[in-house]
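Next up, coords-v7.txt (compact mmCIF, C-alpha atoms):
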# COMPACT_ATOMS: atom_id res chain seq x y z
CA MET A 1 104.74 -100.02 -161.56
CA ARG A 2 105.51 -97.01 -159.33
CA THR A 3 102.34 -97.67 -157.32
CA ILE A 4 103.35 -101.30 -156.74
CA VAL A 5 106.82 -100.25 -155.61
CA MET A 6 105.39 -97.66 -153.22
CA TYR A 7 103.02 -100.14 -151.54
CA VAL A 8 105.72 -102.79 -151.25
CA VAL A 9 108.09 -100.33 -149.56
CA LEU A 10 105.41 -99.03 -147.18
CA THR A 11 104.38 -102.53 -146.21
CA THR A 12 107.98 -103.51 -145.55
CA MET A 13 108.60 -100.42 -143.43
CA SER A 14 105.42 -100.82 -141.36
CA LEU A 15 105.54 -104.53 -140.55
CA SER A 16 108.05 -106.75 -138.81
CA VAL A 17 107.93 -110.47 -139.08
CA HIS A 18 109.65 -112.62 -136.44
CA PHE A 19 109.58 -116.39 -136.92
CA LEU A 20 110.63 -118.24 -133.79
CA ASN A 21 111.49 -121.86 -134.38
CA ALA A 22 111.82 -124.13 -131.36
CA GLN A 23 114.12 -127.14 -131.41
CA ASP A 24 114.20 -130.19 -129.17
CA VAL A 25 117.40 -130.21 -127.18
CA ASP A 26 118.93 -132.25 -124.43
CA ASN A 27 117.88 -130.86 -121.05
CA SER A 28 121.14 -131.83 -119.38
CA GLU A 29 122.90 -128.93 -121.05
CA GLU A 30 120.23 -126.51 -119.88
CA ILE A 31 120.41 -127.87 -116.34
CA GLU A 32 124.18 -127.41 -116.21
CA ILE A 33 123.78 -123.82 -117.37
CA LEU A 34 121.23 -123.14 -114.63
CA LYS A 35 123.51 -124.68 -111.98
CA GLN A 36 126.31 -122.41 -113.15
CA GLN A 37 123.95 -119.44 -112.86
CA LYS A 38 123.36 -120.32 -109.21
CA GLU A 39 127.06 -119.92 -108.51
CA GLU A 40 127.14 -116.63 -110.43
CA ILE A 41 124.19 -115.32 -108.39
CA VAL A 42 126.02 -115.91 -105.10
CA VAL A 43 129.18 -114.23 -106.38
CA SER A 44 127.21 -111.28 -107.78
CA GLU A 45 125.26 -110.64 -104.57
CA LYS A 46 128.38 -110.91 -102.42
CA GLU A 47 130.16 -108.41 -104.66
CA SER A 48 127.24 -106.00 -104.38
CA LEU A 49 127.24 -106.37 -100.61
CA LYS A 50 130.97 -105.67 -100.51
CA LYS A 51 130.49 -102.40 -102.43
CA GLU A 52 127.68 -101.29 -100.09
CA VAL A 53 129.81 -102.02 -97.02
CA GLU A 54 132.72 -100.06 -98.50
CA ALA A 55 130.40 -97.09 -99.12
CA ILE A 56 129.16 -97.27 -95.52
CA ASN A 57 132.75 -97.36 -94.23
CA GLU A 58 133.59 -94.26 -96.29
CA ARG A 59 130.68 -92.40 -94.72
CA LEU A 60 131.85 -93.57 -91.29
CA VAL A 61 135.38 -92.25 -91.91
CA LYS A 62 133.98 -88.89 -93.08
CA GLY A 63 131.96 -88.58 -89.89
CA GLU A 64 128.62 -88.79 -91.65
CA LEU A 65 127.62 -91.86 -89.62
CA THR A 66 128.10 -93.02 -86.05
CA THR A 67 129.61 -96.45 -85.39
CA GLU A 68 126.24 -97.76 -84.23
CA LYS A 69 124.43 -96.44 -87.33
CA ALA A 70 127.09 -97.84 -89.66
CA GLN A 71 126.78 -101.28 -88.07
CA GLU A 72 123.00 -101.13 -88.40
CA LEU A 73 123.24 -100.26 -92.10
CA LYS A 74 125.71 -103.10 -92.69
CA GLU A 75 123.35 -105.60 -91.05
CA ILE A 76 120.44 -104.36 -93.17
CA ALA A 77 122.53 -104.67 -96.34
CA ALA A 78 123.70 -108.16 -95.39
CA GLN A 79 120.13 -109.28 -94.72
CA LYS A 80 118.92 -107.83 -98.01
CA HIS A 81 121.52 -109.63 -100.12
CA ALA A 82 121.03 -112.86 -98.21
CA LEU A 83 117.33 -112.75 -99.08
CA ASN A 84 118.22 -111.86 -102.68
CA ILE A 85 120.38 -114.97 -102.93
CA GLU A 86 117.68 -117.13 -101.35
CA ASN A 87 114.90 -115.87 -103.64
CA ARG A 88 116.96 -116.03 -106.83
CA LEU A 89 118.20 -119.55 -106.06
CA VAL A 90 114.62 -120.73 -105.49
CA ILE A 91 113.71 -119.50 -108.98
CA ILE A 92 116.63 -121.39 -110.53
CA ASP A 93 115.80 -124.55 -108.53
CA ASN A 94 112.22 -124.44 -109.83
CA GLN A 95 113.46 -124.13 -113.40
CA ILE A 96 115.75 -127.12 -112.89
CA ALA A 97 112.86 -129.13 -111.46
CA LEU A 98 110.75 -128.34 -114.55
CA LEU A 99 113.51 -129.51 -116.86
CA GLU A 100 114.12 -132.71 -114.89
CA ARG A 101 110.42 -133.67 -115.10
CA ASN A 102 110.19 -133.20 -118.90
CA ASP A 103 111.75 -135.09 -121.78
CA THR A 104 112.37 -131.99 -123.92
CA ASN A 105 113.23 -128.38 -123.15
CA TYR A 106 109.97 -127.46 -121.46
CA LEU A 107 110.99 -123.84 -120.90
CA ASN A 108 111.41 -123.13 -124.60
CA ASP A 109 108.60 -121.43 -126.50
CA LYS A 110 106.77 -123.27 -129.24
CA THR A 111 106.92 -122.20 -132.88
CA LYS A 112 105.49 -118.67 -133.31
CA LEU A 113 104.70 -116.33 -136.17
CA SER A 114 104.28 -112.72 -135.10
CA ILE A 115 103.61 -109.71 -137.29
CA GLY A 116 103.92 -106.14 -136.04
CA LEU A 117 106.22 -103.27 -135.32
CA GLY A 118 109.40 -104.05 -133.45
CA SER A 119 110.68 -102.23 -130.42
CA LYS A 120 113.72 -100.01 -130.64
CA ASP A 121 114.61 -100.76 -126.99
CA ARG A 122 114.54 -104.55 -127.09
CA ASP A 123 117.72 -106.54 -126.42
CA ASP A 124 117.08 -109.56 -128.67
CA GLY A 125 118.44 -108.11 -131.88
CA ASP A 126 119.49 -105.08 -133.86
CA ILE A 127 116.79 -104.95 -136.54
CA LEU A 128 113.30 -103.51 -136.40
CA PHE A 129 111.82 -105.58 -139.18
CA GLY A 130 112.55 -108.65 -141.24
CA ILE A 131 112.44 -112.40 -140.75
CA ASN A 132 114.21 -113.72 -137.71
CA VAL A 133 114.51 -117.46 -137.07
CA LYS A 134 115.39 -118.61 -133.55
CA ASN A 135 115.52 -121.93 -131.76
CA GLY A 136 113.16 -120.90 -128.99
CA LYS A 137 115.85 -120.21 -126.41
CA LYS A 138 115.88 -116.95 -124.56
CA ALA A 139 118.01 -114.53 -126.55
CA LYS A 140 121.33 -113.67 -124.98
CA VAL A 141 121.51 -110.04 -124.00
CA ARG A 142 124.28 -108.27 -125.88
CA TYR A 143 126.48 -106.36 -123.46
CA ASP A 144 126.99 -103.29 -125.66
CA ARG A 145 124.56 -102.50 -128.48
CA ARG A 146 125.73 -99.63 -130.66
CA THR A 147 122.88 -99.73 -133.19
CA TYR A 148 119.16 -99.19 -132.57
CA SER A 149 116.20 -98.79 -134.93
CA ASP A 150 113.31 -96.30 -135.02
CA LEU A 151 110.06 -95.82 -136.87
CA VAL A 152 110.14 -92.24 -138.22
CA VAL A 153 106.91 -90.29 -138.77
CA ALA A 154 106.87 -86.61 -139.81
CA PHE A 155 104.26 -84.15 -141.08
CA GLY A 156 103.72 -80.43 -141.43
CA LEU A 157 103.55 -77.52 -143.88
CA ASN A 158 104.97 -77.64 -147.38
CA ASN A 159 105.74 -74.97 -149.97
CA ALA A 160 108.25 -73.97 -152.66
CA ILE A 161 111.12 -71.51 -152.80
CA VAL A 162 110.98 -69.69 -156.15
CA ASP A 163 113.84 -67.61 -157.53
CA GLY A 164 113.10 -63.92 -157.03
CA GLN A 165 109.96 -64.56 -154.95
CA SER A 166 109.33 -64.56 -151.21
CA LEU A 167 107.07 -67.02 -149.39
CA ASP A 168 104.68 -64.14 -148.70
CA ASP A 169 104.03 -63.98 -152.46
CA SER A 170 103.99 -67.75 -152.90
CA ASP A 171 102.00 -69.39 -155.69
CA TYR A 172 100.86 -71.99 -153.15
CA LYS A 173 98.57 -71.86 -150.15
CA ILE A 174 100.57 -71.81 -146.92
CA ALA A 175 98.08 -73.73 -144.77
CA GLY A 176 96.78 -76.01 -147.52
CA SER A 177 100.14 -77.32 -148.73
CA ARG A 178 101.42 -80.17 -146.54
CA PHE A 179 103.97 -82.96 -146.40
CA PHE A 180 104.05 -86.41 -144.82
CA GLU A 181 106.93 -88.84 -144.23
CA ILE A 182 107.19 -92.34 -142.81
CA GLY A 183 110.24 -94.55 -142.73
CA LEU A 184 112.70 -96.73 -140.89
CA ALA A 185 115.92 -95.40 -139.42
CA TRP A 186 118.93 -96.95 -137.77
CA LYS A 187 121.04 -95.06 -135.23
CA THR A 188 124.66 -96.12 -134.62
CA ARG A 189 126.92 -94.73 -131.91
CA VAL A 190 130.16 -93.34 -133.40
CA PHE A 191 132.50 -93.53 -130.40
CA LYS A 192 133.02 -96.53 -128.15
CA ASN A 193 132.72 -94.76 -124.79
CA SER A 194 130.54 -91.79 -125.71
CA ASN A 195 127.06 -91.48 -127.20
CA PHE A 196 127.31 -87.76 -127.93
CA MET A 197 127.51 -88.38 -131.71
CA ARG A 198 125.40 -90.88 -133.64
CA VAL A 199 125.00 -91.66 -137.36
CA LYS A 200 121.33 -91.95 -138.34
CA TYR A 201 120.42 -93.54 -141.67
CA GLY A 202 117.47 -95.37 -143.22
CA ILE A 203 114.79 -95.33 -145.90
CA SER A 204 111.67 -93.14 -146.06
CA TYR A 205 108.56 -92.47 -148.11
CA GLN A 206 107.92 -88.74 -148.56
CA SER A 207 104.75 -87.12 -149.92
CA ASN A 208 104.97 -83.40 -150.74
CA GLY A 209 101.73 -81.59 -151.57
CA LEU A 210 101.19 -78.13 -153.09
CA LYS A 211 97.88 -76.27 -153.44
CA PRO A 212 98.05 -73.47 -156.05
CA THR A 213 96.42 -70.10 -155.34
CA ASP A 214 94.03 -68.03 -157.50
CA ASN A 215 92.02 -70.90 -159.03
CA ARG A 216 95.04 -72.29 -160.91
CA TYR A 217 96.31 -75.73 -161.82
CA PHE A 218 99.41 -77.22 -163.45
CA VAL A 219 99.59 -77.67 -167.20
CA GLN A 220 102.39 -79.50 -168.98
CA ASN A 221 103.30 -77.79 -172.24
CA GLY A 222 106.11 -79.81 -173.80
CA ASP A 223 109.13 -79.59 -171.51
CA GLN A 224 107.58 -76.74 -169.49
CA THR A 225 105.13 -77.12 -166.60
CA GLU A 226 103.26 -73.93 -165.71
CA LEU A 227 100.38 -72.70 -163.59
CA GLU A 228 97.30 -71.60 -165.53
CA GLU A 229 93.85 -70.42 -164.48
CA PHE A 230 91.17 -73.10 -164.68
CA ARG A 231 88.13 -72.57 -166.92
CA VAL A 232 85.62 -72.77 -164.01
CA GLU A 233 85.74 -72.21 -160.27
CA LEU A 234 87.80 -74.93 -158.58
CA ASP A 235 86.72 -76.45 -155.29
CA LYS A 236 90.11 -78.12 -154.96
CA SER A 237 93.44 -78.04 -156.77
CA LYS A 238 96.22 -80.17 -155.33
CA PHE A 239 99.57 -81.26 -156.76
CA ARG A 240 101.44 -84.14 -155.08
CA MET A 241 104.88 -85.70 -155.48
CA ASP A 242 105.76 -89.05 -153.84
CA ASN A 243 109.41 -89.93 -153.23
CA ILE A 244 111.46 -92.78 -151.81
CA VAL A 245 114.61 -91.38 -150.21
CA VAL A 246 117.59 -92.50 -148.15
CA PRO A 247 118.22 -89.98 -145.32
CA LEU A 248 121.59 -89.62 -143.60
CA HIS A 249 122.14 -87.46 -140.51
CA LEU A 250 124.76 -86.86 -137.87
CA GLU A 251 122.86 -86.71 -134.58
CA PHE A 252 124.27 -84.95 -131.53
CA GLY A 253 122.87 -84.95 -128.02
CA ALA A 254 123.16 -85.91 -124.40
CA SER A 255 122.39 -89.36 -123.03
CA LYS A 256 122.40 -91.21 -119.73
CA LYS A 257 124.93 -94.01 -119.35
CA VAL A 258 123.50 -97.10 -117.65
CA GLU A 259 126.02 -99.86 -116.94
CA THR A 260 125.43 -103.13 -115.14
CA GLU A 261 127.21 -106.47 -115.03
CA GLU A 262 125.01 -107.71 -117.90
CA LYS A 263 124.81 -104.74 -120.24
CA LEU A 264 125.87 -101.24 -121.17
CA ARG A 265 123.25 -98.85 -122.52
CA PHE A 266 123.02 -95.13 -123.33
CA GLU A 267 119.48 -93.84 -122.73
CA THR A 268 118.30 -90.80 -124.74
CA HIS A 269 114.71 -90.65 -123.50
CA GLY A 270 113.78 -87.03 -122.82
CA LYS A 271 117.24 -85.78 -123.82
CA PHE A 272 118.05 -82.90 -126.18
CA ARG A 273 119.14 -83.88 -129.71
CA ILE A 274 119.92 -82.24 -133.02
CA GLY A 275 120.37 -83.86 -136.41
CA LEU A 276 122.17 -82.40 -139.43
CA GLY A 277 122.27 -84.07 -142.82
CA GLY A 278 120.37 -84.70 -146.00
CA TYR A 279 118.74 -87.25 -148.26
CA VAL A 280 118.85 -88.65 -151.78
CA GLY A 281 116.29 -90.73 -153.62
CA ALA A 282 113.85 -90.95 -156.51
CA ASN A 283 110.45 -89.61 -157.45
CA ILE A 284 108.05 -92.56 -157.78
CA SER A 285 104.79 -90.77 -158.54
CA THR A 286 103.43 -87.34 -159.52
CA ARG A 287 99.73 -86.56 -159.69
CA GLN A 288 97.21 -83.73 -159.65
CA LYS A 289 93.72 -83.74 -158.17
CA LEU A 290 91.02 -81.30 -159.30
CA LYS A 291 87.49 -80.93 -157.93
CA TYR A 292 84.96 -78.61 -159.60
CA LYS A 293 81.36 -78.22 -160.73
CA GLU A 294 80.55 -77.88 -164.43
CA ASP A 295 77.16 -77.93 -166.16
CA GLY A 296 75.53 -78.99 -162.89
CA ASP A 297 77.83 -82.01 -162.44
CA ARG A 298 80.40 -82.40 -159.70
CA ILE A 299 83.64 -83.66 -161.24
CA LYS A 300 86.76 -85.14 -159.66
CA ASP A 301 89.80 -85.42 -161.92
CA LYS A 302 92.83 -87.42 -160.81
CA ILE A 303 95.61 -86.92 -163.33
CA LYS A 304 98.77 -88.99 -163.00
CA ARG A 305 101.62 -88.03 -165.30
CA ASP A 306 105.24 -86.93 -165.31
CA TYR A 307 104.68 -83.13 -165.27
CA ASN A 308 108.43 -82.73 -165.97
CA THR A 309 109.23 -83.30 -162.30
CA SER A 310 112.78 -84.24 -161.35
CA ASP A 311 113.45 -87.98 -161.20
CA LEU A 312 116.43 -87.63 -158.84
CA ILE A 313 115.56 -86.11 -155.46
CA TYR A 314 118.22 -84.77 -153.08
CA GLY A 315 118.33 -82.12 -150.39
CA LEU A 316 119.26 -80.97 -146.90
CA SER A 317 117.38 -81.67 -143.67
CA THR A 318 117.69 -81.01 -139.97
CA TYR A 319 115.76 -81.69 -136.76
CA ILE A 320 116.04 -80.41 -133.20
CA GLY A 321 114.08 -81.43 -130.13
CA PHE A 322 113.82 -83.53 -126.98
CA GLY A 323 113.25 -87.26 -126.73
CA ASP A 324 111.11 -88.69 -129.50
CA MET A 325 109.69 -85.38 -130.82
CA SER A 326 111.56 -82.76 -132.87
CA ILE A 327 111.01 -79.74 -135.08
CA TYR A 328 111.88 -80.92 -138.58
CA ALA A 329 112.88 -78.97 -141.70
CA LYS A 330 113.93 -80.16 -145.16
CA TYR A 331 114.83 -78.43 -148.40
CA ASP A 332 115.12 -80.01 -151.85
CA LEU A 333 118.27 -78.91 -153.65
CA SER A 334 116.86 -80.62 -156.73
CA PRO A 335 114.26 -78.43 -158.52
CA ILE A 336 110.64 -79.53 -158.58
CA PHE A 337 110.44 -79.19 -162.39
CA LYS A 338 113.14 -79.93 -164.95
CA ASN A 339 113.95 -77.33 -167.63
CA ALA A 340 111.79 -74.72 -165.87
CA ALA A 341 112.24 -71.06 -166.78
CA VAL A 342 112.41 -70.31 -163.03
CA ASP A 343 113.61 -72.94 -160.56
CA GLN A 344 111.29 -73.99 -157.75
CA ASN A 345 112.58 -75.97 -154.78
CA ASN A 346 110.38 -77.79 -152.31
CA VAL A 347 110.68 -76.74 -148.64
CA SER A 348 108.99 -78.31 -145.58
CA LEU A 349 108.62 -77.50 -141.90
CA GLY A 350 106.86 -79.62 -139.31
CA LEU A 351 107.11 -82.17 -136.52
CA ARG A 352 109.12 -85.39 -136.51
CA PHE A 353 108.65 -88.40 -134.23
CA ASP A 354 111.31 -91.12 -133.83
CA LEU A 355 109.33 -93.91 -132.20
Go through the file and emit its structure as structure tokens.
Amino acid sequence: MRTIVMYVVLTTMSLSVHFLNAQDVDNSEEIEILKQQKEEIVVSEKESLKKEVEAINERLVKGELTTEKAQELKEIAAQKHALNIENRLVIIDNQIALLERNDTNYLNDKTKLSIGLGSKDRDDGDILFGINVKNGKKAKVRYDRRTYSDLVVAFGLNNAIVDGQSLDDSDYKIAGSRFFEIGLAWKTRVFKNSNFMRVKYGISYQSNGLKPTDNRYFVQNGDQTELEEFRVELDKSKFRMDNIVVPLHLEFGASKKVETEEKLRFETHGKFRIGLGGYVGANISTRQKLKYKEDGDRIKDKIKRDYNTSDLIYGLSTYIGFGDMSIYAKYDLSPIFKNAAVDQNNVSLGLRFDL
């Protein structure tokens, strides 16, 4: 059952399904909208020209420009916006002509079924995955989007903090013990006019691996799980715990404000960011893999059992970096094994990518 749950969650996190459903509509409504857009184009270009002329006049007053140069710049600006109006109106006129020649909304897309990862920067919605039904019309751009979605991928070194023991004396191989994480995250801006603080939340699959030292493996003796030396030389001894967790972070960092007449966006590409928070979830699978040679035969044992591992997983995590890549650290406050004589807590350090 745990294996089924794990694959269902991973499939859901990795795929997005968008179902676009076109509908036949009356073209007259579309044509009226396009005619209204023509008027808006003229107003918009004239407003832009007005702002450019005002900026030129300010430079003239400050003595940065001569009267002749200022007049030349004004004429160039006027010509540019006149051409902008002409070109943009031609595009609208062509769209109107297409609609007038066709019985149904020719510009609408036909029914589509697309499967794949979404884009965190798109303007047609707030979700990265799921089923989205639309009528084929071009999605209206939302002026201010406060929530975006990311695909989170992280990997690196894994180990355990043991009471009274340093990592230098760890029971697990430093280089051989690794972790991997993949999940979906949503990032919501906290304040209306500032993107300095964001709340980041989601769902992730975590796999934490430990490789014991000194030819040892884990043995479950009643309610105790202990490391013991194996009877022959081991080629491989690996212990793995798979978890489904819900991370929650407060993310801080700079961003670039981009505001136009159509939309307001805060861009964080290439900007510094730091996240502070934690996670809570459940252990869905624990297993041990052993490889060895005995009596001339090469044997691979894959043992899946409880091993007295904690069912409830919770801990602290943080990341710091620039843009999509960060240094990532997490620490399980919940012990690896229940009822253990000495508590062991999983700790990880690696790289995180928010794509």
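Residue nearest Asn195 of chain A within the list A:Val53, A:Val90, A:Ile41, A:Leu250: A:Leu250 [criterion: smallest interatomic distance, all atoms listed in the file].
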Which polymer residues have any atom within 10 Å of an atom of Ala78 of chain A, counting all atoms listed in the file, with same-chain residues fewer than 2 positions away left out, as a ChimeraX atom specification? /A:45-46,48-50,52-53,72-76,80-84
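Between atom CA of Asp171 of chain A and atom CA of Leu312 of chain A there is a distance of 23.5 Å.
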With a distance cut-off of 8 Å and all atoms listed in the file, select the neighbouring residues of segment 232-248 of chain A, excluding the residue or stretch itself and same-chain residues fewer than 3 positions from it, and output the selection as JSON, numbers by chain. {"A": [6, 199, 200, 201, 202, 203, 204, 205, 206, 207, 208, 209, 210, 211, 212, 215, 216, 217, 218, 277, 278, 279, 280, 281, 282, 283, 284, 285, 286, 287, 288, 289, 290, 291, 292, 293, 294, 313]}
I'd like the interatomic distance between atom CA of Asn87 of chain A and atom CA of Glu259 of chain A, to a tenth of an Å.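 Those two atoms sit 23.6 Å apart.
Atom pair atom CA of Ile336 of chain A / atom CA of Asn158 of chain A: separated by 12.7 Å.
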